[in-house]
$ cat upload_9.txt   # compact mmCIF, C-alpha atoms
# COMPACT_ATOMS: atom_id res chain seq x y z
CA MET G 1 22.64 -37.75 59.77
CA SER G 2 22.46 -34.25 61.20
CA ARG G 3 24.83 -33.00 63.86
CA ILE G 4 23.49 -31.55 67.11
CA GLY G 5 25.01 -28.91 69.30
CA GLY G 6 28.38 -27.33 69.11
CA LEU G 7 30.65 -26.98 72.12
CA PRO G 8 33.52 -24.72 71.06
CA VAL G 9 37.00 -24.68 72.58
CA GLU G 10 38.71 -21.35 71.99
CA LEU G 11 42.38 -21.55 71.05
CA PRO G 12 44.80 -19.04 72.60
CA ALA G 13 47.58 -17.48 70.56
CA GLY G 14 50.41 -19.89 69.77
CA VAL G 15 48.23 -23.01 69.84
CA THR G 16 47.50 -24.97 66.67
CA VAL G 17 45.19 -27.94 66.19
CA ALA G 18 45.48 -30.36 63.28
CA SER G 19 43.60 -33.51 62.35
CA ASP G 20 45.17 -36.38 60.47
CA ARG G 21 43.28 -39.65 59.86
CA GLY G 22 41.14 -39.29 62.98
CA THR G 23 43.98 -38.21 65.27
CA LEU G 24 43.77 -34.73 66.74
CA THR G 25 47.13 -33.06 67.45
CA VAL G 26 47.34 -29.97 69.67
CA LYS G 27 50.65 -28.07 69.56
CA GLY G 28 51.64 -25.21 71.82
CA PRO G 29 54.58 -23.62 73.62
CA ASN G 30 55.03 -26.60 76.01
CA GLY G 31 54.89 -29.33 73.34
CA ALA G 32 52.31 -31.43 71.53
CA LEU G 33 49.58 -33.87 72.60
CA ASP G 34 47.64 -36.40 70.50
CA PHE G 35 44.07 -37.62 70.95
CA VAL G 36 41.79 -39.97 68.99
CA PRO G 37 38.18 -38.82 69.50
CA HIS G 38 35.30 -41.28 69.39
CA PRO G 39 34.36 -41.89 65.73
CA GLU G 40 30.74 -40.82 66.30
CA MET G 41 31.77 -37.36 67.56
CA GLY G 42 32.28 -34.63 64.99
CA VAL G 43 35.29 -32.38 65.50
CA ALA G 44 35.48 -29.25 63.33
CA ILE G 45 38.61 -27.10 63.37
CA SER G 46 38.16 -23.45 62.40
CA ASP G 47 40.47 -20.47 62.63
CA ARG G 48 40.64 -19.92 66.42
CA GLU G 49 38.37 -22.62 67.84
CA VAL G 50 37.59 -26.33 67.81
CA THR G 51 33.91 -27.33 67.83
CA VAL G 52 32.62 -30.74 68.93
CA THR G 53 29.21 -31.97 67.70
CA ARG G 54 27.18 -35.12 68.37
CA PRO G 55 24.90 -37.20 66.10
CA SER G 56 21.87 -37.47 68.44
CA GLU G 57 20.41 -36.63 71.84
CA GLN G 58 20.99 -40.13 73.26
CA ALA G 59 22.48 -40.14 76.74
CA ARG G 60 25.58 -41.95 75.47
CA HIS G 61 26.17 -39.33 72.77
CA ARG G 62 25.62 -36.45 75.20
CA ALA G 63 28.18 -38.00 77.58
CA LEU G 64 30.74 -38.54 74.80
CA HIS G 65 30.11 -34.98 73.59
CA GLY G 66 31.04 -33.42 76.94
CA LEU G 67 33.93 -35.81 77.47
CA THR G 68 35.45 -35.08 74.06
CA ARG G 69 35.12 -31.33 74.57
CA SER G 70 36.71 -31.54 78.05
CA LEU G 71 39.62 -33.65 76.83
CA ILE G 72 40.36 -31.20 74.01
CA ALA G 73 40.12 -28.23 76.41
CA ASN G 74 42.52 -30.00 78.82
CA MET G 75 44.96 -30.59 75.96
CA VAL G 76 44.88 -26.88 75.06
CA THR G 77 45.48 -25.93 78.71
CA GLY G 78 48.26 -28.52 78.97
CA VAL G 79 50.25 -27.25 75.99
CA THR G 80 49.94 -23.63 77.18
CA LYS G 81 50.07 -23.63 81.02
CA GLY G 82 50.51 -27.27 82.03
CA PHE G 83 49.13 -29.01 85.11
CA GLU G 84 50.50 -29.68 88.57
CA ARG G 85 49.58 -31.68 91.66
CA ARG G 86 51.13 -30.90 95.03
CA LEU G 87 51.65 -33.55 97.70
CA GLU G 88 52.74 -33.20 101.29
CA ILE G 89 54.45 -35.76 103.50
CA ARG G 90 53.60 -35.98 107.20
CA GLY G 91 55.35 -38.12 109.78
CA VAL G 92 58.49 -38.04 111.88
CA GLY G 93 61.44 -38.89 109.63
CA TYR G 94 59.28 -39.07 106.50
CA ARG G 95 60.89 -37.23 103.59
CA ALA G 96 61.52 -37.18 99.84
CA GLU G 97 64.66 -36.27 97.94
CA ARG G 98 65.20 -35.81 94.23
CA GLY G 99 67.99 -37.90 92.73
CA ALA G 100 69.40 -38.40 89.25
CA ALA G 101 67.23 -41.45 88.49
CA GLY G 102 64.05 -40.31 90.21
CA VAL G 103 62.71 -39.52 93.64
CA THR G 104 63.70 -41.39 96.80
CA PHE G 105 61.06 -41.61 99.53
CA HIS G 106 61.85 -42.40 103.17
CA LEU G 107 58.42 -43.26 104.59
CA GLY G 108 58.99 -45.43 107.63
CA PHE G 109 59.70 -48.65 105.77
CA SER G 110 62.87 -50.65 106.41
CA HIS G 111 64.18 -49.42 103.06
CA PRO G 112 63.96 -46.24 100.97
CA VAL G 113 61.47 -46.39 98.07
CA GLU G 114 62.80 -45.37 94.65
CA PHE G 115 60.21 -43.82 92.31
CA PRO G 116 61.30 -43.42 88.65
CA VAL G 117 60.06 -40.29 86.88
CA PRO G 118 58.09 -41.16 83.70
CA ASP G 119 58.60 -39.32 80.41
CA GLY G 120 56.61 -36.10 80.13
CA ILE G 121 56.56 -35.56 83.90
CA GLU G 122 58.70 -33.28 86.03
CA ILE G 123 58.92 -33.89 89.78
CA GLU G 124 60.25 -31.23 92.12
CA THR G 125 60.92 -31.39 95.87
CA PRO G 126 61.16 -27.79 97.14
CA SER G 127 61.42 -29.11 100.72
CA PRO G 128 61.84 -32.64 102.11
CA THR G 129 58.12 -32.80 102.94
CA GLN G 130 56.72 -31.38 99.68
CA VAL G 131 56.49 -32.97 96.24
CA ILE G 132 55.27 -31.17 93.11
CA VAL G 133 54.31 -33.21 90.03
CA ARG G 134 54.13 -31.18 86.78
CA GLY G 135 53.37 -32.02 83.17
CA MET G 136 51.19 -31.14 80.20
CA ASP G 137 49.04 -34.31 80.21
CA LYS G 138 46.42 -33.90 82.96
CA GLN G 139 45.68 -37.63 83.18
CA LEU G 140 49.36 -38.56 83.48
CA VAL G 141 50.02 -35.90 86.16
CA GLY G 142 47.10 -37.21 88.23
CA GLN G 143 48.16 -40.83 87.74
CA VAL G 144 51.76 -40.17 88.87
CA ALA G 145 50.53 -38.20 91.90
CA ALA G 146 48.18 -41.06 92.82
CA GLU G 147 51.00 -43.61 92.48
CA ILE G 148 53.23 -41.53 94.78
CA ARG G 149 50.39 -41.21 97.31
CA SER G 150 49.77 -44.97 97.18
CA ILE G 151 53.31 -45.70 98.43
CA ARG G 152 52.18 -44.68 101.94
CA PRO G 153 48.60 -43.30 102.03
CA PRO G 154 47.65 -41.26 105.10
CA GLU G 155 46.54 -43.46 107.97
CA PRO G 156 43.50 -42.51 110.06
CA TYR G 157 45.00 -42.67 113.58
CA LYS G 158 47.98 -40.30 113.44
CA GLY G 159 47.56 -38.95 109.89
CA LYS G 160 51.06 -40.00 108.85
CA GLY G 161 51.75 -40.63 105.16
CA VAL G 162 51.63 -38.93 101.76
CA ARG G 163 48.57 -36.80 101.00
CA TYR G 164 47.47 -34.25 98.43
CA LEU G 165 48.00 -30.65 99.54
CA GLY G 166 44.84 -29.58 101.32
CA GLU G 167 43.45 -33.13 101.60
CA VAL G 168 41.47 -33.63 104.79
CA VAL G 169 42.06 -37.01 106.42
CA ARG G 170 39.31 -38.14 108.79
CA ARG G 171 40.92 -39.14 112.05
CA LYS G 172 39.71 -42.02 114.22
CA ALA G 173 39.83 -42.11 117.98
CA GLY G 174 42.41 -44.55 119.29
CA LYS G 175 42.04 -46.94 122.18
CA THR G 176 41.06 -45.36 125.44
CA ALA G 177 42.85 -46.13 128.69
CA GLY G 178 40.70 -48.26 130.77
$ encode --input "upload_9.txt" --output "structure tokens"
Amino acid sequence: MSRIGGLPVELPAGVTVASDRGTLTVKGPNGALDFVPHPEMGVAISDREVTVTRPSEQARHRALHGLTRSLIANMVTGVTKGFERRLEIRGVGYRAERGAAGVTFHLGFSHPVEFPVPDGIEIETPSPTQVIVRGMDKQLVGQVAAEIRSIRPPEPYKGKGVRYLGEVVRRKAGKTAG
């Protein structure tokens, strides 16, 4: 079976990639990440780049090809620079504060909401209305940010709640006096 295409991922200085029994390990200044690529995708590791190849031009193989290449590129970025998602809190009295066990959110409920910080994630609250989620695993950073947002998503009438920085919330007109 011949291999088609080659999508290379260039490795910056200080990043090493190793393969052991189908598991790809990317190590860099921030730590190490593991990934098991699809068995039909070919992953070749050379001196300063990783190349992904596919067995055929089928739509499924083309999709897996791009996915595998993107996941490896995200791992390289994660172990060098890392990823972050910024959230903002809007609403009178709504705030977040970092504690020893995690982050405490006061979002208009009758009780404060405790959010434990998972391993591999760093959460910072530079102000009571800002939350920054950082980590080297892009998927985990996005998942944690989505879980925090889901505690109190922005509502369409007043826009109160937790939203991503720069997120535009479509507002609805309320009842009219009549």
$ closest_residue --input "upload_9.txt" --among "G:Gly93, G:Gly82, G:Gly28, G:Gly14" --to "Lys138 of chain G" --atoms "all atoms listed in the file"
G:Gly82
$ closest_residue --input "upload_9.txt" --among "G:Thr25, G:Thr68, G:Thr176, G:Thr16" --to "His38 of chain G" --atoms "all atoms listed in the file"
G:Thr68
$ closest_atom_pairs --input "upload_9.txt" --of "segment 24-111 of chain G" --to "segment 149-152 of chain G" --cutoff "12 Å" --atoms "all atoms listed in the file" --output "JSON lines"
{"residue": "G:Arg85", "atom": "CA", "partner": "G:Arg149", "partner_atom": "CA", "distance": 11.1}
{"residue": "G:Arg86", "atom": "CA", "partner": "G:Arg149", "partner_atom": "CA", "distance": 10.6}
{"residue": "G:Leu87", "atom": "CA", "partner": "G:Arg149", "partner_atom": "CA", "distance": 7.8}
{"residue": "G:Glu88", "atom": "CA", "partner": "G:Arg149", "partner_atom": "CA", "distance": 9.2}
{"residue": "G:Ile89", "atom": "CA", "partner": "G:Arg149", "partner_atom": "CA", "distance": 9.2}
{"residue": "G:Arg90", "atom": "CA", "partner": "G:Arg152", "partner_atom": "CA", "distance": 10.3}
{"residue": "G:Gly91", "atom": "CA", "partner": "G:Arg152", "partner_atom": "CA", "distance": 10.7}
{"residue": "G:Tyr94", "atom": "CA", "partner": "G:Arg152", "partner_atom": "CA", "distance": 10.1}
{"residue": "G:Arg95", "atom": "CA", "partner": "G:Arg152", "partner_atom": "CA", "distance": 11.6}
{"residue": "G:Ala96", "atom": "CA", "partner": "G:Ile151", "partner_atom": "CA", "distance": 11.9}
{"residue": "G:Thr104", "atom": "CA", "partner": "G:Ile151", "partner_atom": "CA", "distance": 11.4}
{"residue": "G:Phe105", "atom": "CA", "partner": "G:Ile151", "partner_atom": "CA", "distance": 8.8}
{"residue": "G:His106", "atom": "CA", "partner": "G:Arg152", "partner_atom": "CA", "distance": 10.0}
{"residue": "G:Leu107", "atom": "CA", "partner": "G:Arg152", "partner_atom": "CA", "distance": 6.9}
{"residue": "G:Gly108", "atom": "CA", "partner": "G:Arg152", "partner_atom": "CA", "distance": 8.9}
{"residue": "G:Phe109", "atom": "CA", "partner": "G:Arg152", "partner_atom": "CA", "distance": 9.3}
$ atom_distance --input "upload_9.txt" --atom1 "atom CA of Val17 of chain G" --atom2 "atom CA of Leu140 of chain G"
20.7 Å
$ closest_residue --input "upload_9.txt" --among "G:Pro37, G:Gly99, G:Pro29, G:Gly22" --to "Val76 of chain G" --atoms "all atoms listed in the file"
G:Pro29
$ residues_around --input "upload_9.txt" --residues "Gly120 of chain G" --least-positions-apart "5" --cutoff "9 Å" --atoms "only C-alpha atoms" --output "list in words"
Arg134, Gly135, Met136, Asp137, Leu140 and Val141 of chain G
$ write_last_selection --input "upload_9.txt" --atoms "C-alpha atoms" --output "PDB file, in the frame of the given file"
ATOM      1  CA  ARG G 134      54.130 -31.180  86.780  1.00  0.00           C
ATOM      2  CA  GLY G 135      53.370 -32.020  83.170  1.00  0.00           C
ATOM      3  CA  MET G 136      51.190 -31.140  80.200  1.00  0.00           C
ATOM      4  CA  ASP G 137      49.040 -34.310  80.210  1.00  0.00           C
ATOM      5  CA  LEU G 140      49.360 -38.560  83.480  1.00  0.00           C
ATOM      6  CA  VAL G 141      50.020 -35.900  86.160  1.00  0.00           C
TER       7      VAL G 141
END
$ closest_residue --input "upload_9.txt" --among "G:Gly78, G:Glu114, G:Gln130, G:Val169" --to "Ala32 of chain G" --atoms "all atoms listed in the file"
G:Gly78
$ residues_around --input "upload_9.txt" --residues "Arg60 of chain G" --least-positions-apart "6" --cutoff "12 Å" --atoms "all atoms listed in the file" --output "number ranges by chain"
G: 38, 40-41, 54, 66-67
